[in-house]
$ cat query27.cif   # mmCIF, C-alpha atoms
data_upload
loop_
_atom_site.label_atom_id
_atom_site.label_comp_id
_atom_site.auth_asym_id
_atom_site.auth_seq_id
_atom_site.Cartn_x
_atom_site.Cartn_y
_atom_site.Cartn_z
CA MET F 1 21.89 10.79 -47.46
CA ALA F 2 22.57 7.29 -48.70
CA HIS F 3 19.04 6.57 -49.81
CA TYR F 4 18.83 9.60 -52.08
CA GLN F 5 21.40 8.25 -54.48
CA PRO F 6 19.36 5.30 -55.73
CA ASN F 7 16.56 7.76 -56.44
CA LYS F 8 18.66 9.53 -59.00
CA LYS F 9 19.67 6.25 -60.63
CA ASN F 10 16.01 5.19 -60.87
CA LYS F 11 15.36 7.57 -63.70
CA THR F 12 17.74 5.72 -66.01
CA SER F 13 16.90 2.11 -65.11
CA SER F 14 13.92 -0.15 -65.97
CA PRO F 15 10.54 0.05 -64.12
CA LYS F 16 11.00 -3.38 -62.50
CA LEU F 17 14.26 -2.41 -61.00
CA ALA F 18 12.69 0.85 -59.93
CA VAL F 19 9.95 -0.98 -58.00
CA GLN F 20 12.53 -3.14 -56.29
CA LYS F 21 14.55 -0.12 -55.39
CA ILE F 22 11.55 1.66 -54.01
CA ARG F 23 10.85 -1.36 -51.82
CA ARG F 24 14.41 -1.35 -50.64
CA GLU F 25 14.12 2.30 -49.85
CA LYS F 26 10.98 1.71 -47.87
CA ASN F 27 12.73 -1.02 -45.92
CA GLN F 28 15.61 1.32 -45.27
CA ILE F 29 13.28 4.01 -44.03
CA ARG F 30 11.55 1.52 -41.79
CA SER F 31 14.83 0.34 -40.28
CA LYS F 32 15.85 3.95 -39.74
CA LYS F 33 12.59 4.59 -37.94
CA LYS F 34 13.28 1.60 -35.74
CA GLU F 35 16.72 2.95 -34.98
CA ARG F 36 15.25 6.29 -34.09
CA ASP F 37 12.73 4.62 -31.77
CA LEU F 38 15.54 2.72 -30.13
CA SER F 39 17.54 5.86 -29.62
CA LYS F 40 14.43 7.49 -28.18
CA ALA F 41 14.12 4.66 -25.68
CA LYS F 42 17.76 5.10 -24.76
CA MET F 43 17.15 8.80 -24.29
CA ALA F 44 14.32 7.95 -21.93
CA GLU F 45 16.64 5.82 -19.88
CA ASP F 46 18.87 8.71 -19.03
CA LEU F 47 16.79 11.81 -19.27
CA VAL F 48 18.67 14.98 -18.58
CA LEU F 49 16.70 17.03 -16.12
CA ASP F 50 16.99 20.75 -16.31
CA THR F 51 19.04 22.15 -13.47
CA ALA F 52 16.46 24.90 -13.21
CA ILE F 53 14.00 22.28 -11.98
CA ARG F 54 16.40 21.41 -9.20
CA ASP F 55 17.03 25.04 -8.32
CA TRP F 56 13.46 26.22 -8.51
CA VAL F 57 11.39 23.20 -7.50
CA LEU F 58 13.22 20.57 -5.48
CA ILE F 59 15.43 22.68 -3.29
CA PRO F 60 12.78 25.31 -2.50
CA LEU F 61 10.31 22.54 -1.70
CA SER F 62 12.69 20.90 0.74
CA VAL F 63 13.63 24.19 2.36
CA VAL F 64 9.99 25.19 2.70
CA MET F 65 9.08 21.87 4.27
CA VAL F 66 11.91 22.08 6.78
CA LEU F 67 10.97 25.64 7.68
CA ILE F 68 7.29 24.75 8.00
CA GLY F 69 8.22 21.87 10.29
CA VAL F 70 10.27 24.18 12.51
CA LEU F 71 7.53 26.80 12.48
CA ARG F 72 4.92 24.22 13.40
CA TYR F 73 7.07 23.07 16.28
CA PHE F 74 7.38 26.55 17.73
CA VAL F 75 3.74 27.41 17.15
CA SER F 76 2.59 24.28 18.95
CA LYS F 77 5.04 25.11 21.73
CA LEU F 78 3.56 28.58 22.04
CA MET F 79 0.03 27.19 22.16
CA LYS F 80 1.00 24.70 24.79
CA GLY F 81 2.66 27.39 26.88
CA SER F 82 -0.57 29.36 27.10
CA SER F 83 -2.67 26.33 27.95
CA GLN F 84 -4.79 26.30 31.06
CA ILE F 85 -4.06 24.68 34.41
CA PRO F 86 -4.88 20.98 34.33
CA ASP F 87 -7.87 19.67 36.18
CA PRO F 88 -6.86 18.70 39.76
CA LYS F 89 -8.93 15.55 39.62
CA ILE F 90 -7.07 14.27 36.58
CA VAL F 91 -3.71 15.09 38.14
CA LYS F 92 -4.73 13.23 41.29
CA GLU F 93 -5.72 10.17 39.32
CA GLY F 94 -2.45 10.26 37.43
CA GLN F 95 -0.50 10.36 40.68
CA VAL F 96 -2.46 7.46 42.10
CA ILE F 97 -1.67 5.43 39.01
CA ILE F 98 2.04 6.21 39.31
CA ARG F 99 2.01 5.18 42.98
CA ALA F 100 0.24 1.92 42.19
CA ARG F 101 2.74 1.24 39.44
CA ASN F 102 5.61 1.80 41.83
CA LEU F 103 4.05 -0.59 44.30
CA ARG F 104 3.74 -3.19 41.59
CA ALA F 105 7.36 -2.74 40.54
CA GLY F 106 8.73 -2.90 44.06
CA ALA F 107 6.30 -5.45 45.44
CA ASN F 108 8.95 -8.04 46.15
CA TYR F 109 11.04 -5.75 48.34
CA ILE F 110 8.46 -5.44 51.10
CA PRO F 111 7.12 -8.11 53.44
CA ALA F 112 3.95 -9.94 52.52
CA LYS F 113 1.93 -8.21 55.22
CA SER F 114 2.88 -4.72 54.08
CA PHE F 115 2.17 -5.62 50.51
CA ARG F 116 -1.26 -6.94 51.37
CA ALA F 117 -2.05 -3.79 53.34
CA ARG F 118 -1.01 -1.56 50.46
CA LYS F 119 -2.88 -3.66 47.95
CA ALA F 120 -6.02 -3.37 50.00
CA TYR F 121 -5.48 0.37 50.20
CA TYR F 122 -5.41 0.64 46.45
CA SER F 123 -7.83 -1.96 45.22
CA ASN F 124 -10.40 -2.83 47.84
CA GLU F 125 -13.96 -2.87 46.59
CA GLU F 126 -15.39 -0.25 48.91
CA ASN F 127 -13.06 2.71 49.07
CA GLY F 128 -9.86 1.65 47.34
CA LEU F 129 -8.12 4.42 45.48
CA LEU F 130 -8.14 2.50 42.20
CA HIS F 131 -11.70 1.32 42.53
CA VAL F 132 -14.09 3.05 40.20
CA PRO F 133 -17.73 2.48 41.05
CA LYS F 134 -19.79 1.29 38.13
CA GLY F 135 -21.85 3.89 36.38
CA GLN F 136 -19.83 6.68 37.87
CA ALA F 137 -17.14 6.38 35.24
CA ALA F 138 -17.36 9.56 33.25
CA ASN F 139 -18.11 9.21 29.60
CA PRO F 140 -15.17 10.92 27.93
CA GLN F 141 -17.32 12.29 25.16
CA ALA F 142 -19.77 13.82 27.58
CA GLN F 143 -16.85 15.15 29.57
CA MET F 144 -15.52 16.78 26.46
CA PHE F 145 -18.77 18.53 25.76
CA SER F 146 -18.94 19.80 29.29
CA ASP F 147 -15.40 21.07 29.09
CA PRO F 148 -14.97 23.26 26.02
CA ASN F 149 -11.31 23.84 26.80
CA MET F 150 -10.54 20.23 26.12
CA ALA F 151 -12.21 20.30 22.74
CA MET F 152 -10.44 23.52 21.84
CA ASP F 153 -7.11 22.05 22.84
CA MET F 154 -7.58 18.99 20.73
CA MET F 155 -8.72 21.02 17.78
CA LYS F 156 -5.70 23.28 18.02
CA LYS F 157 -3.40 20.30 18.08
CA ASN F 158 -5.05 18.66 15.12
CA LEU F 159 -5.19 21.86 13.14
CA SER F 160 -1.54 22.65 13.73
CA MET F 161 -0.73 19.36 12.10
CA ILE F 162 -3.28 19.19 9.31
CA ILE F 163 -3.27 22.76 8.05
CA PRO F 164 0.42 23.03 7.11
CA GLN F 165 0.30 19.66 5.40
CA THR F 166 -2.75 20.40 3.32
CA LEU F 167 -1.41 23.83 2.42
CA THR F 168 1.94 22.48 1.30
CA PHE F 169 0.29 19.72 -0.67
CA ALA F 170 -2.03 22.16 -2.41
CA TRP F 171 0.91 24.44 -3.16
CA VAL F 172 2.91 21.59 -4.69
CA ASN F 173 -0.06 20.45 -6.74
CA PHE F 174 -0.81 23.92 -7.99
CA PHE F 175 2.67 25.05 -8.99
CA PHE F 176 4.74 21.99 -9.67
CA SER F 177 2.50 19.43 -11.34
CA GLY F 178 2.81 17.92 -14.77
CA PHE F 179 6.54 17.47 -15.23
CA VAL F 180 9.30 15.11 -14.28
CA ALA F 181 11.04 16.64 -11.35
CA ALA F 182 13.60 14.25 -9.96
CA LYS F 183 15.29 10.93 -10.36
CA ILE F 184 15.41 8.63 -7.38
CA PRO F 185 18.40 6.34 -7.25
CA PHE F 186 16.49 3.07 -7.04
CA PRO F 187 14.15 1.54 -9.61
CA LEU F 188 10.58 0.72 -8.73
CA THR F 189 8.12 -1.57 -10.42
CA GLN F 190 5.47 -0.46 -12.89
CA ARG F 191 2.82 -0.50 -10.22
CA PHE F 192 4.27 2.59 -8.67
CA ARG F 193 3.83 4.55 -11.89
CA ALA F 194 0.36 5.81 -11.06
CA MET F 195 1.52 6.96 -7.67
CA LEU F 196 4.91 8.44 -8.48
CA GLN F 197 4.29 9.87 -11.93
CA ASN F 198 1.01 11.46 -11.23
CA GLY F 199 0.31 14.05 -13.90
CA ILE F 200 2.90 12.74 -16.35
CA ASP F 201 1.24 10.74 -19.10
CA LEU F 202 4.32 9.08 -20.49
CA SER F 203 4.45 5.31 -20.40
CA THR F 204 8.04 5.04 -21.69
CA VAL F 205 9.64 7.07 -18.92
CA ASP F 206 11.42 4.94 -16.35
CA VAL F 207 9.62 4.74 -13.01
CA SER F 208 12.62 6.07 -11.12
CA TYR F 209 11.77 9.48 -12.58
CA VAL F 210 9.20 10.99 -10.29
CA SER F 211 6.95 14.00 -10.25
CA SER F 212 7.15 16.77 -7.72
CA ARG F 213 4.24 15.32 -5.79
CA SER F 214 6.17 12.20 -4.90
CA TRP F 215 9.13 14.37 -4.03
CA TYR F 216 6.79 16.05 -1.56
CA PHE F 217 5.86 12.73 0.01
CA LEU F 218 9.48 11.64 0.14
CA ASN F 219 10.26 14.83 2.02
CA LEU F 220 7.25 14.47 4.28
CA PHE F 221 8.36 11.08 5.54
CA GLY F 222 12.09 11.50 5.27
CA LEU F 223 12.33 14.77 7.14
CA ARG F 224 10.76 13.27 10.26
CA GLY F 225 14.11 11.89 11.30
CA LEU F 226 15.79 15.22 10.70
CA PHE F 227 13.17 16.99 12.82
CA SER F 228 13.69 14.62 15.70
CA LEU F 229 17.39 15.46 15.52
CA ILE F 230 17.16 19.23 15.23
CA LEU F 231 14.10 19.84 17.38
CA GLY F 232 14.67 17.33 20.14
CA GLU F 233 12.52 14.42 21.09
CA GLU F 234 9.54 16.58 22.04
CA ASN F 235 8.58 16.82 18.41
CA ALA F 236 8.59 13.07 17.89
CA THR F 237 6.69 12.24 21.05
CA ASP F 238 4.23 14.97 20.30
CA ASP F 239 3.22 13.28 17.09
CA THR F 240 2.70 9.89 18.68
CA GLN F 241 0.73 11.41 21.51
CA ARG F 242 -1.40 13.22 19.04
CA MET F 243 -2.03 10.00 17.20
CA MET F 244 -3.08 8.32 20.41
CA GLN F 245 -5.40 11.13 21.28
CA MET F 246 -6.92 11.08 17.86
CA SER F 247 -7.55 7.36 17.98
CA GLY F 248 -8.76 7.23 21.56
CA PHE F 249 -10.44 10.63 21.54
CA GLY F 250 -8.87 11.63 24.77
CA MET F 251 -7.60 9.32 27.44
CA ASP F 252 -10.14 7.65 29.65
CA PRO F 253 -8.86 7.89 33.23
CA SER F 254 -11.27 5.35 34.66
CA LYS F 255 -10.03 2.77 32.17
CA THR F 256 -6.40 3.21 33.16
CA LEU F 257 -7.40 3.03 36.82
CA GLY F 258 -9.19 -0.26 36.21
CA ALA F 259 -6.23 -1.64 34.25
CA GLU F 260 -3.85 -0.72 37.04
CA LYS F 261 -6.15 -2.37 39.57
CA ASP F 262 -6.19 -5.58 37.55
CA GLY F 263 -2.41 -5.45 37.34
CA LEU F 264 -2.14 -5.13 41.10
CA ASP F 265 -4.55 -8.00 41.61
CA ILE F 266 -2.49 -10.48 39.64
CA VAL F 267 0.87 -9.61 41.19
CA GLN F 268 2.39 -12.70 42.77
CA HIS F 269 4.09 -11.57 45.89
CA ASP F 270 7.43 -13.13 46.69
CA TRP F 271 9.54 -11.43 49.30
CA VAL F 272 13.12 -11.51 48.09
CA LEU F 273 14.93 -10.03 51.09
CA PRO F 274 15.35 -13.30 53.05
CA LYS F 275 17.32 -14.68 50.12
CA PHE F 276 19.50 -11.65 49.87
CA GLU F 277 22.06 -12.85 52.35
CA LEU F 278 22.74 -15.85 50.14
CA ARG F 279 23.14 -13.62 47.15
CA ALA F 280 25.42 -11.25 49.00
CA GLU F 281 27.51 -14.18 50.11
CA SER F 282 27.90 -15.47 46.57
CA VAL F 283 28.79 -12.01 45.26
CA LEU F 284 31.39 -11.48 47.97
CA ARG F 285 32.89 -14.90 47.37
CA LYS F 286 33.19 -14.07 43.69
CA LEU F 287 34.92 -10.83 44.57
CA VAL F 288 37.37 -12.56 46.88
CA LYS F 289 38.23 -15.05 44.18
CA MET O 25 25.28 20.78 10.30
CA PHE O 26 25.90 22.56 13.56
CA ALA O 27 22.71 21.19 15.01
CA VAL O 28 23.61 17.65 14.09
CA GLU O 29 27.03 17.90 15.65
CA PHE O 30 25.58 19.38 18.79
CA GLN O 31 23.10 16.56 18.93
CA LYS O 32 25.83 14.04 18.69
CA GLY O 33 27.72 15.61 21.54
CA ALA O 34 24.64 15.61 23.72
CA MET O 35 24.10 12.00 22.83
CA ALA O 36 27.56 11.02 23.93
CA GLY O 37 26.99 12.94 27.13
CA HIS O 38 23.80 11.02 27.77
CA ASP O 39 25.60 7.81 27.15
CA ASN O 40 28.36 8.62 29.56
CA SER O 41 25.97 9.62 32.29
CA ASN O 42 24.15 6.35 31.72
CA GLY O 43 27.27 4.46 32.56
CA SER O 44 27.25 5.81 36.08
CA THR O 45 23.56 6.19 36.81
CA GLU O 46 22.15 3.16 35.06
CA LYS O 47 20.63 0.83 37.55
CA SER O 48 20.24 -2.61 36.24
CA THR O 49 20.66 -6.08 37.58
CA SER O 50 20.35 -5.65 41.25
CA GLY O 51 18.23 -8.13 43.13
CA MET O 52 18.30 -11.76 42.22
CA ASP O 53 19.49 -13.11 38.94
CA ASP O 54 15.96 -14.08 38.11
CA LEU O 55 14.62 -10.74 39.22
CA PRO O 56 15.80 -8.03 36.88
CA THR O 57 14.82 -4.51 37.74
CA PHE O 58 14.97 -1.60 35.42
CA ASN O 59 14.94 2.06 35.98
CA ALA O 60 12.20 3.12 33.60
CA GLU O 61 13.58 6.63 33.11
CA ASN O 62 17.03 5.43 32.23
CA MET O 63 15.56 2.85 29.92
CA GLN O 64 13.65 5.52 28.13
CA ASN O 65 16.74 7.67 27.93
CA ASN O 66 18.69 4.80 26.41
CA MET O 67 15.98 4.18 23.86
CA LYS O 68 16.10 7.83 22.93
CA VAL O 69 19.85 7.65 22.49
CA ILE O 70 19.43 4.64 20.21
CA LEU O 71 16.77 6.37 18.17
CA TYR O 72 18.91 9.49 17.77
CA SER O 73 22.02 7.61 16.78
CA ARG O 74 20.10 5.49 14.30
CA THR O 75 18.50 8.52 12.68
CA PHE O 76 21.81 10.31 12.59
CA MET O 77 23.55 7.33 11.03
CA ALA O 78 20.72 6.88 8.52
CA ILE O 79 21.05 10.49 7.37
CA ILE O 80 24.84 10.41 7.19
CA GLY O 81 24.72 7.02 5.49
CA GLY O 82 22.23 8.36 2.97
CA VAL O 83 24.46 11.28 2.10
CA ILE O 84 27.47 8.99 1.74
CA ALA O 85 25.51 6.55 -0.43
CA GLY O 86 24.41 9.42 -2.64
CA ILE O 87 27.92 10.80 -3.00
CA LEU O 88 29.32 7.36 -3.80
CA GLY O 89 26.67 7.12 -6.49
CA LEU O 90 25.16 3.85 -5.29
CA THR O 91 21.97 2.84 -7.03
CA SER O 92 19.12 0.42 -6.42
CA LEU O 93 20.08 -2.69 -4.46
CA THR O 94 23.61 -1.63 -3.57
CA GLY O 95 22.19 1.38 -1.80
CA PHE O 96 19.87 -0.69 0.36
CA ILE O 97 22.68 -3.13 1.12
CA PHE O 98 24.69 -0.11 2.16
CA TYR O 99 21.86 0.90 4.50
CA PHE O 100 21.90 -2.55 6.09
CA LEU O 101 25.65 -2.27 6.49
CA VAL O 102 25.39 1.13 8.12
CA MET O 103 22.73 -0.12 10.51
CA ALA O 104 24.83 -3.17 11.36
CA ILE O 105 27.79 -0.92 12.10
CA THR O 106 25.56 1.25 14.28
CA SER O 107 24.39 -1.82 16.19
CA VAL O 108 27.95 -2.92 16.78
CA ALA O 109 28.93 0.57 17.86
CA LEU O 110 25.99 0.79 20.27
CA THR O 111 26.89 -2.59 21.71
CA ALA O 112 30.45 -1.41 22.17
CA LYS O 113 29.15 1.73 23.82
CA ALA O 114 27.21 -0.44 26.26
CA LYS O 115 30.47 -2.26 26.95
CA PHE O 116 29.04 -5.46 25.46
CA SER O 117 26.73 -5.95 28.43
CA ILE O 118 23.45 -5.31 26.69
CA HIS O 119 21.30 -6.59 29.49
CA SER O 120 22.53 -4.02 31.96
CA TYR O 121 21.30 -1.23 29.69
CA PHE O 122 18.39 -2.68 27.73
CA ASP O 123 15.80 -5.32 28.37
CA SER O 124 16.38 -7.20 25.15
CA TRP O 125 18.66 -7.42 22.15
CA ASN O 126 15.87 -6.28 19.87
CA ARG O 127 16.20 -2.79 21.27
CA VAL O 128 19.75 -2.47 20.07
CA LEU O 129 19.33 -4.34 16.83
CA LEU O 130 15.94 -3.30 15.50
CA ASP O 131 14.67 -0.12 17.10
CA GLY O 132 14.40 2.74 14.67
CA PHE O 133 15.37 0.59 11.73
CA PHE O 134 12.41 1.38 9.52
CA GLY O 135 12.08 4.90 10.78
CA GLY O 136 15.58 5.53 9.56
CA LEU O 137 14.92 4.02 6.17
CA MET O 138 12.80 6.94 4.94
CA SER O 139 15.40 9.45 6.08
CA PHE O 140 18.05 7.36 4.37
CA VAL O 141 16.16 7.35 1.09
CA LEU O 142 15.60 11.09 1.18
CA PHE O 143 19.22 11.96 1.92
CA TRP O 144 20.34 9.37 -0.59
CA THR O 145 18.35 11.22 -3.23
CA TYR O 146 19.71 14.67 -2.40
CA PRO O 147 23.24 14.18 -3.78
CA CYS O 148 21.78 12.55 -6.90
CA LEU O 149 20.17 15.87 -7.81
CA LEU O 150 23.49 17.62 -8.11
#
$ encode --input "query27.cif" --output "structure tokens"
Amino acid sequence: MAHYQPNKKNKTSSPKLAVQKIRREKNQIRSKKKERDLSKAKMAEDLVLDTAIRDWVLIPLSVVMVLIGVLRYFVSKLMKGSSQIPDPKIVKEGQVIIRARNLRAGANYIPAKSFRARKAYYSNEENGLLHVPKGQAANPQAQMFSDPNMAMDMMKKNLSMIIPQTLTFAWVNFFFSGFVAAKIPFPLTQRFRAMLQNGIDLSTVDVSYVSSRSWYFLNLFGLRGLFSLILGEENATDDTQRMMQMSGFGMDPSKTLGAEKDGLDIVQHDWVLPKFELRAESVLRKLVK
Amino acid sequence: MFAVEFQKGAMAGHDNSNGSTEKSTSGMDDLPTFNAENMQNNMKVILYSRTFMAIIGGVIAGILGLTSLTGFIFYFLVMAITSVALTAKAKFSIHSYFDSWNRVLLDGFFGGLMSFVLFWTYPCLL
């Protein structure tokens, strides 16, 4: 309002004065613009997000992800329940490995002679249980092709993990892209802008405001802990096992046998029982004191 | 909420049973033996309690309205408290339950961080 008054006075005053006044007016307008820009920046600092976004985007997204996680858990459980009987040869090898491991752990509690006998039983070069003749070691890939069940099993496991994730991600991208969805309570540097504000082309918005896509990722990683609490440890171990299988493309039994054999070979045997009387004596003396 | 409470109860139960069944330093002083199953069980207990504390801590941090660095300091505090509590639960004899201090102090630290951040954000939405 203030800068309209000089306008009226202009009509009565000289042209020089008028020019000066116009300049002043321009300056005033400029400063006002600056003020407005500043206020805009302040607005950007504390954007008010519509509560409808919370009610219709963030909460449904979280609920859906929790439910999908639970569903995935039960589906994978169902699939596992209907799986076929394991191959007897693999079971046998697993048992042998466990026995060898036990021997290694308890080596010092048996006399040297017994240990040597057992070691020979496991790792001698002719017919030791852990000895795998060269060339006979089955190629796991070839084994997989010969056994379609194994491939099917792996595919099922992978699919049960990948499909829900891709579907949820596609859903989030399709419905909830292109707007600021949430404010995270910690500031991040500008480098995160491309990642967190995907689909929002505003350079003035603070980086702690994120799009729904980053909310999805936050949920994806953050809910893992919740799942391990509500679904038991099976869920967590499942994932790691799956990872191992994916990286190693199935476990190679001959390799683990060889590793166990090497472990047995380097065990330094030291029979502890002769020293046990001393130990018992010291413990008893301590008790008496 | 119900599930979490139930989990906690089960956890305490595990812990108590550990006290009686845990086999630890028999043999010589220089020959520690560990029961692998019990070890694994203890690790599981640690992981559960850390996750639980991370989630609860996140909710508390969100309700208190902590932002940026204070929130992360709060997470460190919560984890330190958890470590102390776990040590107390093991009756301050860590080596009869775990093979090293790192298990009690560090295990599940970064796994809990993501859960903490998520549950820290939830109350901020309201």
$ closest_atom_pairs --input "query27.cif" --of "chain F" --to "chain O" --cutoff "9 Å" --atoms "all atoms listed in the file" --output "tab-separated table"
residue	atom	partner	partner_atom	distance
F:Thr51	CA	O:Leu150	CA	8.3
F:Arg54	CA	O:Leu149	CA	6.8
F:Leu58	CA	O:Leu149	CA	8.7
F:Ala105	CA	O:Thr57	CA	8.2
F:Gly106	CA	O:Thr57	CA	8.9
F:Ala182	CA	O:Leu149	CA	7.1
F:Lys183	CA	O:Leu149	CA	7.4
F:Ile184	CA	O:Thr145	CA	5.7
F:Pro185	CA	O:Thr91	CA	5.0
F:Phe186	CA	O:Ser92	CA	3.8
F:Pro187	CA	O:Ser92	CA	6.0
F:Leu188	CA	O:Ser92	CA	8.9
F:Trp215	CA	O:Leu142	CA	8.9
F:Leu218	CA	O:Leu142	CA	6.2
F:Asn219	CA	O:Leu142	CA	6.6
F:Phe221	CA	O:Met138	CA	6.1
F:Gly222	CA	O:Ser139	CA	4.0
F:Leu223	CA	O:Ser139	CA	6.2
F:Arg224	CA	O:Ser139	CA	7.3
F:Gly225	CA	O:Thr75	CA	5.7
F:Leu226	CA	O:Ser139	CA	7.4
F:Ser228	CA	O:Tyr72	CA	7.6
F:Leu229	CA	O:Tyr72	CA	6.6
F:Ile230	CA	O:Ala27	CA	5.9
F:Gly232	CA	O:Gln31	CA	8.6
F:Glu233	CA	O:Lys68	CA	7.7
F:Val272	CA	O:Met52	CA	7.8
F:Leu273	CA	O:Gly51	CA	8.8
F:Lys275	CA	O:Met52	CA	8.5
F:Phe276	CA	O:Gly51	CA	7.7
F:Arg279	CA	O:Met52	CA	7.2
$ atom_distance --input "query27.cif" --atom1 "CA of Lys157 in chain F" --atom2 "CA of Thr256 in chain F"
23.0 Å
$ atom_distance --input "query27.cif" --atom1 "CA of Leu287 in chain F" --atom2 "CA of Thr111 in chain O"
25.6 Å
$ resolve_selection --input "query27.cif" --expression "the PyMOL selection byres ((chain F and resi 207) around 8)" --output "short mmCIF file (atom, residue, chain, number, x, y, z; two decimals) with C-alpha atoms, in the frame of the given file"
data_model
loop_
_atom_site.label_atom_id
_atom_site.label_comp_id
_atom_site.auth_asym_id
_atom_site.auth_seq_id
_atom_site.Cartn_x
_atom_site.Cartn_y
_atom_site.Cartn_z
CA PRO F 187 14.15 1.54 -9.61
CA LEU F 188 10.58 0.72 -8.73
CA THR F 189 8.12 -1.57 -10.42
CA GLN F 190 5.47 -0.46 -12.89
CA PHE F 192 4.27 2.59 -8.67
CA ARG F 193 3.83 4.55 -11.89
CA LEU F 196 4.91 8.44 -8.48
CA GLN F 197 4.29 9.87 -11.93
CA VAL F 205 9.64 7.07 -18.92
CA ASP F 206 11.42 4.94 -16.35
CA SER F 208 12.62 6.07 -11.12
CA TYR F 209 11.77 9.48 -12.58
CA VAL F 210 9.20 10.99 -10.29
#
$ closest_residue --input "query27.cif" --among "F:Met152, F:Asp262, F:Leu167, F:Leu67" --to "Asn124 in chain F" --atoms "only C-alpha atoms"
F:Asp262
$ residues_around --input "query27.cif" --residues "Asp265 in chain F" --least-positions-apart "3" --cutoff "9 Å" --atoms "only C-alpha atoms" --output "PyMOL selection string"
chain F and resi 119+123+260-262+268
$ atom_distance --input "query27.cif" --atom1 "CA of Ser124 in chain O" --atom2 "CA of Asn59 in chain O"
14.3 Å
$ resolve_selection --input "query27.cif" --expression "the PyMOL selection byres ((chain F and resi 161) around 10)" --output "PyMOL selection string"
chain F and resi 69+72-73+76+155-160+162-166+239+242
